[in-house]
Every structure is written in structure tokens, then in C-alpha cells.
file target.txt (compact mmCIF, C-alpha atoms)
# COMPACT_ATOMS: atom_id res chain seq x y z
CA MET A 1 -15.62 11.31 -17.34
CA LYS A 2 -14.59 10.99 -13.70
CA LYS A 3 -11.52 12.85 -12.48
CA ILE A 4 -9.30 11.15 -9.94
CA ILE A 5 -6.35 12.44 -7.95
CA LEU A 6 -3.96 9.58 -7.32
CA THR A 7 -1.24 10.36 -4.79
CA GLY A 8 1.87 8.21 -4.94
CA GLY A 9 0.94 7.23 -8.48
CA ALA A 10 4.57 6.72 -9.51
CA GLY A 11 5.14 4.23 -6.70
CA PHE A 12 4.73 0.49 -6.65
CA ILE A 13 1.05 0.16 -5.76
CA GLY A 14 0.05 3.53 -7.21
CA SER A 15 1.48 2.81 -10.66
CA ASN A 16 -0.39 -0.49 -10.83
CA ILE A 17 -3.63 1.32 -9.91
CA LEU A 18 -2.86 4.05 -12.46
CA LYS A 19 -2.56 1.61 -15.37
CA HIS A 20 -5.95 0.16 -14.53
CA LEU A 21 -7.61 3.58 -14.22
CA ILE A 22 -6.20 4.78 -17.55
CA LYS A 23 -7.37 1.57 -19.21
CA LEU A 24 -10.88 2.33 -17.95
CA LYS A 25 -10.59 5.91 -19.26
CA TYR A 26 -10.69 7.74 -15.96
CA HIS A 27 -8.98 11.11 -16.08
CA VAL A 28 -6.16 10.73 -13.55
CA VAL A 29 -3.86 13.36 -12.08
CA VAL A 30 -0.87 11.74 -10.38
CA ILE A 31 0.67 13.61 -7.47
CA ASP A 32 4.11 12.30 -6.55
CA ASP A 33 7.32 13.97 -5.37
CA LEU A 34 9.36 11.00 -6.70
CA THR A 35 11.07 10.48 -3.35
CA SER A 36 10.41 6.77 -3.59
CA GLY A 37 8.23 6.65 -6.71
CA LYS A 38 9.89 6.28 -10.09
CA TYR A 39 8.97 8.19 -13.22
CA SER A 40 9.87 5.05 -15.19
CA ASN A 41 6.81 3.38 -13.62
CA ILE A 42 4.48 5.84 -15.37
CA GLU A 43 6.51 7.01 -18.37
CA GLY A 44 4.67 4.71 -20.78
CA LEU A 45 1.37 6.45 -19.94
CA LYS A 46 2.45 10.08 -20.37
CA LYS A 47 1.04 10.31 -23.91
CA SER A 48 -2.44 9.27 -22.80
CA LYS A 49 -5.03 12.04 -22.86
CA TYR A 50 -6.33 10.64 -19.58
CA PHE A 51 -3.04 11.15 -17.74
CA GLY A 52 -1.70 14.16 -15.88
CA PHE A 53 1.28 14.51 -13.58
CA GLU A 54 2.18 16.98 -10.83
CA LYS A 55 5.54 16.65 -9.10
CA CYS A 56 4.57 17.69 -5.62
CA SER A 57 4.77 16.57 -2.01
CA ILE A 58 1.50 16.00 -0.20
CA THR A 59 2.93 18.22 2.54
CA ASN A 60 2.77 21.22 0.16
CA TYR A 61 -0.76 22.42 0.88
CA LYS A 62 -0.58 25.56 -1.27
CA TYR A 63 0.48 23.66 -4.37
CA LEU A 64 -2.08 20.92 -3.78
CA ASN A 65 -4.86 23.49 -3.58
CA ASN A 66 -4.21 24.46 -7.20
CA VAL A 67 -4.65 20.85 -8.33
CA PHE A 68 -8.01 20.22 -6.67
CA LYS A 69 -10.34 21.35 -9.44
CA ASN A 70 -13.49 19.38 -10.24
CA VAL A 71 -12.16 16.24 -8.55
CA ASP A 72 -14.53 13.29 -8.10
CA PHE A 73 -12.32 10.84 -6.18
CA VAL A 74 -9.04 10.91 -4.28
CA LEU A 75 -7.05 7.68 -4.09
CA HIS A 76 -4.44 8.39 -1.44
CA GLN A 77 -1.58 5.93 -1.91
CA ALA A 78 1.37 8.18 -1.05
CA ALA A 79 3.20 7.41 2.17
CA SER A 80 6.54 7.51 3.88
CA LYS A 81 7.38 3.81 4.02
CA LYS A 82 8.25 2.04 7.26
CA THR A 83 11.90 1.66 6.25
CA VAL A 84 12.11 5.43 5.82
CA CYS A 85 10.11 6.15 8.96
CA ASP A 86 12.61 4.29 11.14
CA LYS A 87 15.37 6.61 9.94
CA ASP A 88 13.39 9.86 10.00
CA PRO A 89 10.32 9.70 12.27
CA ARG A 90 9.67 13.44 11.93
CA LYS A 91 9.34 13.03 8.18
CA ASP A 92 7.10 10.06 8.86
CA LEU A 93 4.80 12.27 10.94
CA LYS A 94 4.77 15.06 8.37
CA VAL A 95 4.03 12.88 5.34
CA ASN A 96 1.72 10.22 6.76
CA ALA A 97 -0.26 12.35 9.21
CA GLU A 98 -0.03 15.97 8.04
CA GLY A 99 -0.05 14.92 4.38
CA ALA A 100 -3.27 12.97 4.90
CA PHE A 101 -4.77 15.93 6.76
CA ASN A 102 -3.94 18.25 3.84
CA LEU A 103 -5.68 15.96 1.36
CA LEU A 104 -8.70 15.50 3.59
CA LYS A 105 -9.09 19.25 4.08
CA LEU A 106 -8.91 19.89 0.34
CA SER A 107 -11.26 16.98 -0.41
CA SER A 108 -13.78 18.43 2.01
CA ASP A 109 -13.41 22.01 0.71
CA HIS A 110 -13.75 20.91 -2.93
CA ASN A 111 -16.67 18.51 -2.38
CA VAL A 112 -14.83 15.36 -3.43
CA LYS A 113 -17.29 12.48 -3.73
CA LYS A 114 -15.08 9.94 -2.00
CA PHE A 115 -11.69 9.68 -0.30
CA ILE A 116 -10.09 6.24 -0.60
CA HIS A 117 -7.17 5.82 1.75
CA ALA A 118 -4.36 3.27 1.80
CA SER A 119 -3.67 2.34 5.40
CA THR A 120 -1.72 -0.55 6.87
CA GLY A 121 -1.96 -3.54 9.16
CA SER A 122 0.77 -1.88 11.25
CA VAL A 123 -1.96 0.13 13.00
CA PHE A 124 -2.78 -3.02 14.99
CA GLY A 125 0.68 -3.56 16.40
CA GLU A 126 1.83 -6.94 17.68
CA ASN A 127 -0.80 -9.68 17.86
CA LYS A 128 0.02 -11.24 21.22
CA THR A 129 -3.08 -13.43 21.48
CA ASN A 130 -2.86 -15.01 18.02
CA LYS A 131 -6.60 -14.46 17.66
CA SER A 132 -7.74 -13.19 14.28
CA GLN A 133 -8.04 -9.40 14.27
CA ASN A 134 -10.99 -7.81 12.52
CA GLU A 135 -11.49 -4.18 11.58
CA ASN A 136 -12.72 -3.29 15.08
CA SER A 137 -9.86 -4.91 16.99
CA ILE A 138 -7.84 -2.72 19.33
CA LYS A 139 -5.09 -0.73 17.65
CA LYS A 140 -1.76 -0.52 19.49
CA PRO A 141 0.91 0.36 16.92
CA VAL A 142 4.51 -0.41 17.87
CA SER A 143 6.29 1.65 15.19
CA TYR A 144 6.43 5.28 14.10
CA TYR A 145 4.86 4.15 10.84
CA GLY A 146 1.94 2.47 12.58
CA VAL A 147 1.33 5.54 14.75
CA SER A 148 1.32 8.00 11.84
CA LYS A 149 -0.94 5.82 9.69
CA ASN A 150 -3.28 5.37 12.63
CA ALA A 151 -3.40 9.16 13.00
CA ALA A 152 -4.48 9.40 9.36
CA GLU A 153 -7.29 6.90 9.99
CA ASN A 154 -8.47 8.98 12.94
CA TYR A 155 -8.41 12.19 10.88
CA ILE A 156 -10.52 10.47 8.20
CA GLU A 157 -13.23 9.53 10.69
CA VAL A 158 -13.24 13.07 12.11
CA PHE A 159 -13.63 14.62 8.66
CA ASN A 160 -16.52 12.27 8.01
CA LYS A 161 -18.26 13.27 11.24
CA LEU A 162 -17.61 17.01 10.94
CA PHE A 163 -17.97 17.52 7.17
CA ASN A 164 -19.70 14.35 5.94
CA LEU A 165 -16.71 13.41 3.77
CA ASN A 166 -17.34 9.99 2.25
CA TYR A 167 -14.44 7.53 2.60
CA THR A 168 -13.14 3.99 2.38
CA VAL A 169 -10.02 2.86 4.24
CA LEU A 170 -8.14 -0.17 2.91
CA ARG A 171 -5.56 -1.58 5.28
CA TYR A 172 -2.83 -3.24 3.23
CA PHE A 173 -0.80 -6.24 4.38
CA HIS A 174 2.58 -7.04 2.77
CA VAL A 175 1.70 -6.16 -0.82
CA TYR A 176 3.99 -7.57 -3.52
CA GLY A 177 4.08 -7.82 -7.31
CA PRO A 178 5.43 -6.13 -10.48
CA ASN A 179 7.14 -2.72 -10.08
CA GLN A 180 7.95 -3.29 -6.42
CA ASP A 181 11.23 -1.73 -5.32
CA TYR A 182 13.94 -4.30 -4.59
CA SER A 183 16.45 -1.89 -3.07
CA PRO A 184 17.21 -2.25 0.67
CA ASN A 185 14.19 0.02 1.27
CA GLY A 186 11.93 -2.11 -0.91
CA GLY A 187 9.63 -5.06 -0.36
CA VAL A 188 10.95 -8.35 0.97
CA ILE A 189 9.45 -10.49 -1.82
CA SER A 190 11.08 -8.46 -4.58
CA ILE A 191 14.34 -8.31 -2.63
CA PHE A 192 14.34 -12.10 -2.32
CA ILE A 193 13.60 -12.59 -6.04
CA ASN A 194 16.17 -10.02 -7.21
CA ASN A 195 18.93 -11.32 -4.95
CA LEU A 196 18.31 -14.94 -5.91
CA ILE A 197 18.35 -14.16 -9.64
CA LYS A 198 21.54 -12.09 -9.31
CA GLY A 199 23.26 -14.49 -6.95
CA LYS A 200 23.39 -11.99 -4.10
CA PRO A 201 23.28 -12.97 -0.42
CA ILE A 202 19.93 -13.13 1.37
CA THR A 203 19.50 -11.48 4.76
CA ILE A 204 16.62 -12.26 7.10
CA TYR A 205 15.98 -9.99 10.06
CA GLY A 206 15.15 -12.21 13.01
CA ASP A 207 14.87 -15.98 12.70
CA GLY A 208 12.48 -16.20 9.75
CA SER A 209 9.58 -17.43 11.87
CA GLN A 210 7.67 -14.14 11.62
CA GLN A 211 4.22 -14.56 10.08
CA ARG A 212 3.28 -12.51 7.03
CA ILE A 213 0.06 -12.20 5.00
CA PHE A 214 1.25 -11.43 1.49
CA THR A 215 -1.29 -9.81 -0.85
CA TYR A 216 -0.76 -9.64 -4.60
CA VAL A 217 -0.88 -6.10 -5.96
CA GLU A 218 -3.56 -6.83 -8.55
CA ASP A 219 -5.99 -7.74 -5.78
CA VAL A 220 -5.15 -4.41 -4.11
CA VAL A 221 -5.86 -2.62 -7.39
CA ARG A 222 -9.18 -4.44 -7.66
CA ALA A 223 -10.07 -3.52 -4.06
CA ASN A 224 -9.54 0.17 -4.86
CA MET A 225 -11.75 -0.10 -7.94
CA PHE A 226 -14.34 -1.94 -5.87
CA SER A 227 -14.28 0.94 -3.38
CA ILE A 228 -14.90 3.47 -6.14
CA ASN A 229 -17.81 1.61 -7.64
CA ASN A 230 -19.58 -0.04 -4.69
CA LYS A 231 -21.66 2.09 -2.34
CA LYS A 232 -21.51 -0.66 0.28
CA THR A 233 -17.95 0.46 0.95
CA ASN A 234 -18.97 4.01 1.86
CA ASN A 235 -17.56 5.10 5.23
CA GLN A 236 -16.06 1.69 5.93
CA ILE A 237 -12.65 0.36 6.98
CA TYR A 238 -11.42 -2.95 5.54
CA ASN A 239 -8.52 -5.30 6.07
CA CYS A 240 -7.34 -5.65 2.48
CA THR A 241 -5.43 -8.92 2.52
CA TYR A 242 -5.50 -12.34 0.92
CA GLY A 243 -5.72 -13.69 4.45
CA LYS A 244 -3.39 -16.72 4.47
CA ARG A 245 -0.40 -16.59 6.78
CA ILE A 246 3.06 -17.83 5.84
CA LYS A 247 6.38 -17.76 7.67
CA LEU A 248 9.00 -15.56 6.05
CA ILE A 249 11.46 -18.43 5.70
CA ASP A 250 8.75 -20.53 4.01
CA ALA A 251 8.09 -17.68 1.57
CA LEU A 252 11.78 -17.64 0.68
CA ASN A 253 11.77 -21.40 0.19
CA LEU A 254 8.76 -21.21 -2.12
CA ILE A 255 10.40 -18.48 -4.21
CA SER A 256 13.61 -20.53 -4.43
CA LYS A 257 11.66 -23.62 -5.48
CA THR A 258 9.74 -21.68 -8.13
CA LEU A 259 12.90 -20.07 -9.51
CA LYS A 260 14.93 -23.25 -9.03
CA ILE A 261 17.59 -20.99 -7.58
CA TYR A 262 18.72 -21.32 -3.97
CA PRO A 263 20.57 -18.81 -1.80
CA ASN A 264 24.34 -18.94 -2.13
CA LYS A 265 24.48 -17.28 1.29
CA LEU A 266 21.68 -16.90 3.85
CA THR A 267 22.32 -14.68 6.87
CA TYR A 268 20.16 -14.10 9.93
CA THR A 269 20.58 -10.82 11.76
CA ASN A 270 18.94 -8.79 14.53
CA TRP A 271 15.21 -8.10 14.46
CA LYS A 272 14.26 -4.69 13.09
CA GLN A 273 12.93 -2.18 15.60
CA GLY A 274 9.13 -2.09 15.46
CA ASP A 275 8.94 -5.19 13.27
CA ILE A 276 5.74 -7.14 13.95
CA LYS A 277 6.37 -10.85 14.35
CA ASN A 278 2.84 -12.17 14.08
CA PHE A 279 0.04 -11.04 11.79
CA ASN A 280 -3.32 -12.79 12.00
CA VAL A 281 -6.22 -10.82 10.55
CA SER A 282 -9.63 -11.45 9.07
CA ASN A 283 -10.46 -10.38 5.51
CA GLN A 284 -14.10 -11.43 5.76
CA LYS A 285 -15.65 -7.96 5.99
CA LEU A 286 -14.51 -7.00 2.48
CA ILE A 287 -15.57 -10.41 1.15
CA ARG A 288 -19.02 -10.01 2.72
CA ALA A 289 -19.30 -6.67 0.89
CA GLY A 290 -18.96 -8.60 -2.38
CA PHE A 291 -15.21 -8.55 -3.09
CA ASN A 292 -13.26 -11.67 -4.01
CA TYR A 293 -9.50 -12.29 -3.97
CA LYS A 294 -8.17 -13.89 -7.16
CA TYR A 295 -4.47 -14.42 -6.49
CA ASN A 296 -3.12 -16.96 -4.03
CA PHE A 297 0.53 -16.75 -3.02
CA ASP A 298 1.76 -19.36 -5.51
CA LEU A 299 0.16 -17.57 -8.48
CA GLY A 300 1.25 -14.15 -7.28
CA ILE A 301 4.86 -15.30 -6.91
CA LYS A 302 4.87 -16.78 -10.43
CA ASN A 303 3.52 -13.52 -11.88
CA THR A 304 6.02 -11.43 -9.92
CA ILE A 305 8.95 -13.59 -11.07
CA LYS A 306 7.81 -13.24 -14.70
CA SER A 307 7.96 -9.44 -14.37
CA PHE A 308 11.69 -9.67 -13.55
CA TYR A 309 12.39 -11.24 -16.94
CA LYS A 310 10.51 -8.71 -19.07
call {"tool": "encode", "arguments": {"input": "target.txt", "output": "C-alpha cells"}}
result
Amino acid sequence: MKKIILTGGAGFIGSNILKHLIKLKYHVVVIDDLTSGKYSNIEGLKKSKYFGFEKCSITNYKYLNNVFKNVDFVLHQAASKKTVCDKDPRKDLKVNAEGAFNLLKLSSDHNVKKFIHASTGSVFGENKTNKSQNENSIKKPVSYYGVSKNAAENYIEVFNKLFNLNYTVLRYFHVYGPNQDYSPNGGVISIFINNLIKGKPITIYGDGSQQRIFTYVEDVVRANMFSINNKKTNNQIYNCTYGKRIKLIDALNLISKTLKIYPNKLTYTNWKQGDIKNFNVSNQKLIRAGFNYKYNFDLGIKNTIKSFYK
């Protein structure tokens, strides 16, 4: 039986990964301080003999050290989200950079077989050329969040070179799906769906022309499992994204059409600081390694809407 530490396991992406791991009978210890994660996301699994939970921040090195016993894999999903980082950049630095460093140090000291890290497309910064960016494209982050996540990527490569720590980095792009937070600090897809269903106003930051590459959470879950089980992914960085661009206003229109509910009030406001207007990245490296994406945007939206009615 393989033991996995899953940071951020009570969060949106982490809880979806957790359900899959438990189903496959991995022994999983969730580490989450519940700052943004919700215990309700994992409550249904607490009776499983394969599930453990530690309420702890990844910045608490001493506490973490007591958890790292006979660990095979670390799936590092915990992060200070961009919406939080804009308000508290020092916390952003501590969680996303120092927190990653803590986990890498412990993984190295305790001979973890593999460290799988959730990064972000924000490490690239603004795509001013509109050329497709691959994993080796220049990184010029334009937000605190992008800088701190880029620091974590750099630490990972250093730990690999100095201590031979095996890793896979998965850069996420606009992940959406069941369990996503729809509060003002949540994901735009879930915010759109929730506000449309409840008849609340819709706010778009900017003019709606910004390009996004939405990736359904189940494909992200599958990419993490692929990274555990496929040696081709050892010591590699991947853009983990469905790969098709869509304007934000077009995404809203598709959701409205699917729901058959249209905004009672649509407001445009100032662009958010550090918001990237144009994403254009290649997902071919992960596909060439043998991974396939199963969920296009239409199917992902339908599944996400269904989860709101359960």
C-alpha cells in the first residue's frame, strides 16, 4: 500500500484528487489548514481506513516533520490563491515559496519517491507575441502569485540537482469543476454559474476579451495519477491544460446558453492588477508522454452545472 501526503486536500482540486486516491486504495494523509479548503469537501471520506487528516499549515515545518513517516509520494496542491496573494503578498511568499521549500526539504530527508507539484501558467506572465508557449518558454511573471510559484519551481529543480529528488511539475490553467469555490475569491466559472442560478449580477473585470484556457478538474486529477504511475514524467515540467482558448465573455455566453439563464445585470469594471489578458500555451509535451485529455469545455461545463443541483 502506497502512502501519499496530499497538501491542500480539502480544497477544490485537492478534494477531487483525494476521492480518486481513496477509491484506488492509496493511504492518503491530507494536510490542510482550512484557510480556503473546506472540511465539507472531505467529510464523506473520514470513515475510510485509507484516509487521514492533519490540520496544519505547510509553513509549520516542525509539525510537518512529524507527519513525514514512510511516505512514498507527495502531491503538493496547497497554495495561497492569486486572489489572496493580491491582498497579502507576504503571505503569498510564505505559503507558496517557503511552504514548498519545507515540503521539498522533508521529502528529501525522508527519501520520498516522488514530489508532484501543482504550479500555474502565471509563471509565464503576459504573452505579448501570441505565439504558443511551451514548457521551455521564458518565464516573466507579472503578479506576486506568479513570482512565488515560479520560486517553488526553481526550488524543485535545485532539490533535484542537489539531492536527486524525483519530481513532476504540472502547470495548471484555469481549472474548473465540482467543489470549486464560488465566493468572490473563487473560480470565475463557478462564480458565473452560481450567480446565474441565483439571479445575482455578473461582474467582468476588464472588457471580457481576455483569453482563458479552461481545464476540467477531472483531467487534472488524471494528470496527477499519470504522474504517479508513469516513469516518463520523472523530473519533467508539463503544461497541464486542455489547450483550447476561449474569451471570457464567450465562456459566460456558453454557460448562459447551457443553463438557459441569462444575466439580469452584467457589469464591466477595471482590470485586476496582475491579470493576464492572453494565454496561449502548448499541451503537447504531456500528450506526447502518453496522456490524453477527455473533457472539452462543453462537457466540462455540463458536468459542473450538474454538481450545483446535487
call {"tool": "closest_residue", "arguments": {"input": "target.txt", "among": "A:Ser48, A:Ser40, A:Ser256, A:Gln77", "to": "Gly8 (chain A)", "atoms": "all atoms listed in the file"}}
result
A:Gln77
call {"tool": "residues_around", "arguments": {"input": "target.txt", "residues": "region 120-129 of chain A", "least_positions_apart": "4", "cutoff": "9 Å", "atoms": "all atoms listed in the file", "output": "PyMOL selection string"}}
result
chain A and resi 133+137-143+145-150+170-174+239-240+274-281
call {"tool": "residues_around", "arguments": {"input": "target.txt", "residues": "Val67 (chain A)", "least_positions_apart": "5", "cutoff": "9 Å", "atoms": "all atoms listed in the file", "output": "JSON, numbers by chain"}}
result
{"A": [5, 29, 54]}
call {"tool": "closest_residue", "arguments": {"input": "target.txt", "among": "A:Tyr216, A:Phe308, A:Tyr144, A:Tyr242", "to": "Asn194 (chain A)", "atoms": "only C-alpha atoms"}}
result
A:Phe308
call {"tool": "atom_distance", "arguments": {"input": "target.txt", "atom1": "CA of Ser36 (chain A)", "atom2": "CA of Pro184 (chain A)"}}
result
12.1 Å
call {"tool": "closest_residue", "arguments": {"input": "target.txt", "among": "A:His27, A:Arg90, A:Lys55, A:His117", "to": "Glu157 (chain A)", "atoms": "all atoms listed in the file"}}
result
A:His117
call {"tool": "residues_around", "arguments": {"input": "target.txt", "residues": "Phe159 (chain A)", "least_positions_apart": "2", "cutoff": "12 Å", "atoms": "all atoms listed in the file", "output": "ChimeraX atom specification"}}
result
/A:100-109,114-115,152-157,161-167,235
call {"tool": "write_last_selection", "arguments": {"input": "target.txt", "atoms": "C-alpha atoms", "output": "PDB file, keeping the file's coordinate frame"}}
result
ATOM      1  CA  ALA A 100      -3.270  12.970   4.900  1.00  0.00           C
ATOM      2  CA  PHE A 101      -4.770  15.930   6.760  1.00  0.00           C
ATOM      3  CA  ASN A 102      -3.940  18.250   3.840  1.00  0.00           C
ATOM      4  CA  LEU A 103      -5.680  15.960   1.360  1.00  0.00           C
ATOM      5  CA  LEU A 104      -8.700  15.500   3.590  1.00  0.00           C
ATOM      6  CA  LYS A 105      -9.090  19.250   4.080  1.00  0.00           C
ATOM      7  CA  LEU A 106      -8.910  19.890   0.340  1.00  0.00           C
ATOM      8  CA  SER A 107     -11.260  16.980  -0.410  1.00  0.00           C
ATOM      9  CA  SER A 108     -13.780  18.430   2.010  1.00  0.00           C
ATOM     10  CA  ASP A 109     -13.410  22.010   0.710  1.00  0.00           C
ATOM     11  CA  LYS A 114     -15.080   9.940  -2.000  1.00  0.00           C
ATOM     12  CA  PHE A 115     -11.690   9.680  -0.300  1.00  0.00           C
ATOM     13  CA  ALA A 152      -4.480   9.400   9.360  1.00  0.00           C
ATOM     14  CA  GLU A 153      -7.290   6.900   9.990  1.00  0.00           C
ATOM     15  CA  ASN A 154      -8.470   8.980  12.940  1.00  0.00           C
ATOM     16  CA  TYR A 155      -8.410  12.190  10.880  1.00  0.00           C
ATOM     17  CA  ILE A 156     -10.520  10.470   8.200  1.00  0.00           C
ATOM     18  CA  GLU A 157     -13.230   9.530  10.690  1.00  0.00           C
ATOM     19  CA  LYS A 161     -18.260  13.270  11.240  1.00  0.00           C
ATOM     20  CA  LEU A 162     -17.610  17.010  10.940  1.00  0.00           C
ATOM     21  CA  PHE A 163     -17.970  17.520   7.170  1.00  0.00           C
ATOM     22  CA  ASN A 164     -19.700  14.350   5.940  1.00  0.00           C
ATOM     23  CA  LEU A 165     -16.710  13.410   3.770  1.00  0.00           C
ATOM     24  CA  ASN A 166     -17.340   9.990   2.250  1.00  0.00           C
ATOM     25  CA  TYR A 167     -14.440   7.530   2.600  1.00  0.00           C
ATOM     26  CA  ASN A 235     -17.560   5.100   5.230  1.00  0.00           C
TER      27      ASN A 235
END
call {"tool": "atom_distance", "arguments": {"input": "target.txt", "atom1": "CA of Lys306 (chain A)", "atom2": "CA of Lys49 (chain A)"}}
result
29.5 Å
call {"tool": "closest_residue", "arguments": {"input": "target.txt", "among": "A:Asn224, A:Asn283, A:Thr59, A:Thr83", "to": "Leu18 (chain A)", "atoms": "all atoms listed in the file"}}
result
A:Asn224
call {"tool": "closest_residue", "arguments": {"input": "target.txt", "among": "A:Asn185, A:Gln210, A:Asn179, A:Thr168", "to": "Asn230 (chain A)", "atoms": "all atoms listed in the file"}}
result
A:Thr168
call {"tool": "closest_residue", "arguments": {"input": "target.txt", "among": "A:Asn253, A:Gln273, A:Thr304, A:Asn70", "to": "Met1 (chain A)", "atoms": "all atoms listed in the file"}}
result
A:Asn70
call {"tool": "axis_aligned_box", "arguments": {"input": "target.txt", "around": "region 211-226 of chain A", "padding_each_side": "5 Å", "output": "lines of an AutoDock Vina configuration file"}}
result
center_x = -5.1
center_y = -7.2
center_z = 0.8
size_x = 28.6
size_y = 24.7
size_z = 28.6
call {"tool": "residues_around", "arguments": {"input": "target.txt", "residues": "Trp271 (chain A)", "least_positions_apart": "5", "cutoff": "10 Å", "atoms": "all atoms listed in the file", "output": "ChimeraX atom specification"}}
result
/A:204-208,276-277
call {"tool": "atom_distance", "arguments": {"input": "target.txt", "atom1": "CA of Cys85 (chain A)", "atom2": "CA of Glu98 (chain A)"}}
result
14.1 Å
call {"tool": "residues_around", "arguments": {"input": "target.txt", "residues": "Leu45 (chain A)", "least_positions_apart": "6", "cutoff": "10 Å", "atoms": "all atoms listed in the file", "output": "ChimeraX atom specification"}}
result
/A:15,18-19,22,51-52
call {"tool": "residues_near_point", "arguments": {"input": "target.txt", "point": "(3.2, 18.8, -7.7)", "cutoff": "7 Å", "atoms": "only C-alpha atoms", "output": "mmCIF file with C-alpha atoms, in the coordinates of the input"}}
result
data_model
loop_
_atom_site.group_PDB
_atom_site.id
_atom_site.type_symbol
_atom_site.label_atom_id
_atom_site.label_comp_id
_atom_site.auth_asym_id
_atom_site.auth_seq_id
_atom_site.Cartn_x
_atom_site.Cartn_y
_atom_site.Cartn_z
ATOM 1 C CA ILE A 31 0.670 13.610 -7.470
ATOM 2 C CA ASP A 32 4.110 12.300 -6.550
ATOM 3 C CA ASP A 33 7.320 13.970 -5.370
ATOM 4 C CA GLU A 54 2.180 16.980 -10.830
ATOM 5 C CA LYS A 55 5.540 16.650 -9.100
ATOM 6 C CA CYS A 56 4.570 17.690 -5.620
ATOM 7 C CA SER A 57 4.770 16.570 -2.010
ATOM 8 C CA TYR A 63 0.480 23.660 -4.370
ATOM 9 C CA LEU A 64 -2.080 20.920 -3.780
#
call {"tool": "residues_near_point", "arguments": {"input": "target.txt", "point": "(15.2, -14.9, 4.0)", "cutoff": "9 Å", "atoms": "all atoms listed in the file", "output": "number ranges by chain"}}
result
A: 188, 192, 202-205, 207-208, 248-253, 263, 266-268
call {"tool": "write_last_selection", "arguments": {"input": "target.txt", "atoms": "C-alpha atoms", "output": "tab-separated table (two decimals), keeping the file's coordinate frame"}}
result
chain	number	residue	atom	x	y	z
A	188	VAL	CA	10.95	-8.35	0.97
A	192	PHE	CA	14.34	-12.10	-2.32
A	202	ILE	CA	19.93	-13.13	1.37
A	203	THR	CA	19.50	-11.48	4.76
A	204	ILE	CA	16.62	-12.26	7.10
A	205	TYR	CA	15.98	-9.99	10.06
A	207	ASP	CA	14.87	-15.98	12.70
A	208	GLY	CA	12.48	-16.20	9.75
A	248	LEU	CA	9.00	-15.56	6.05
A	249	ILE	CA	11.46	-18.43	5.70
A	250	ASP	CA	8.75	-20.53	4.01
A	251	ALA	CA	8.09	-17.68	1.57
A	252	LEU	CA	11.78	-17.64	0.68
A	253	ASN	CA	11.77	-21.40	0.19
A	263	PRO	CA	20.57	-18.81	-1.80
A	266	LEU	CA	21.68	-16.90	3.85
A	267	THR	CA	22.32	-14.68	6.87
A	268	TYR	CA	20.16	-14.10	9.93
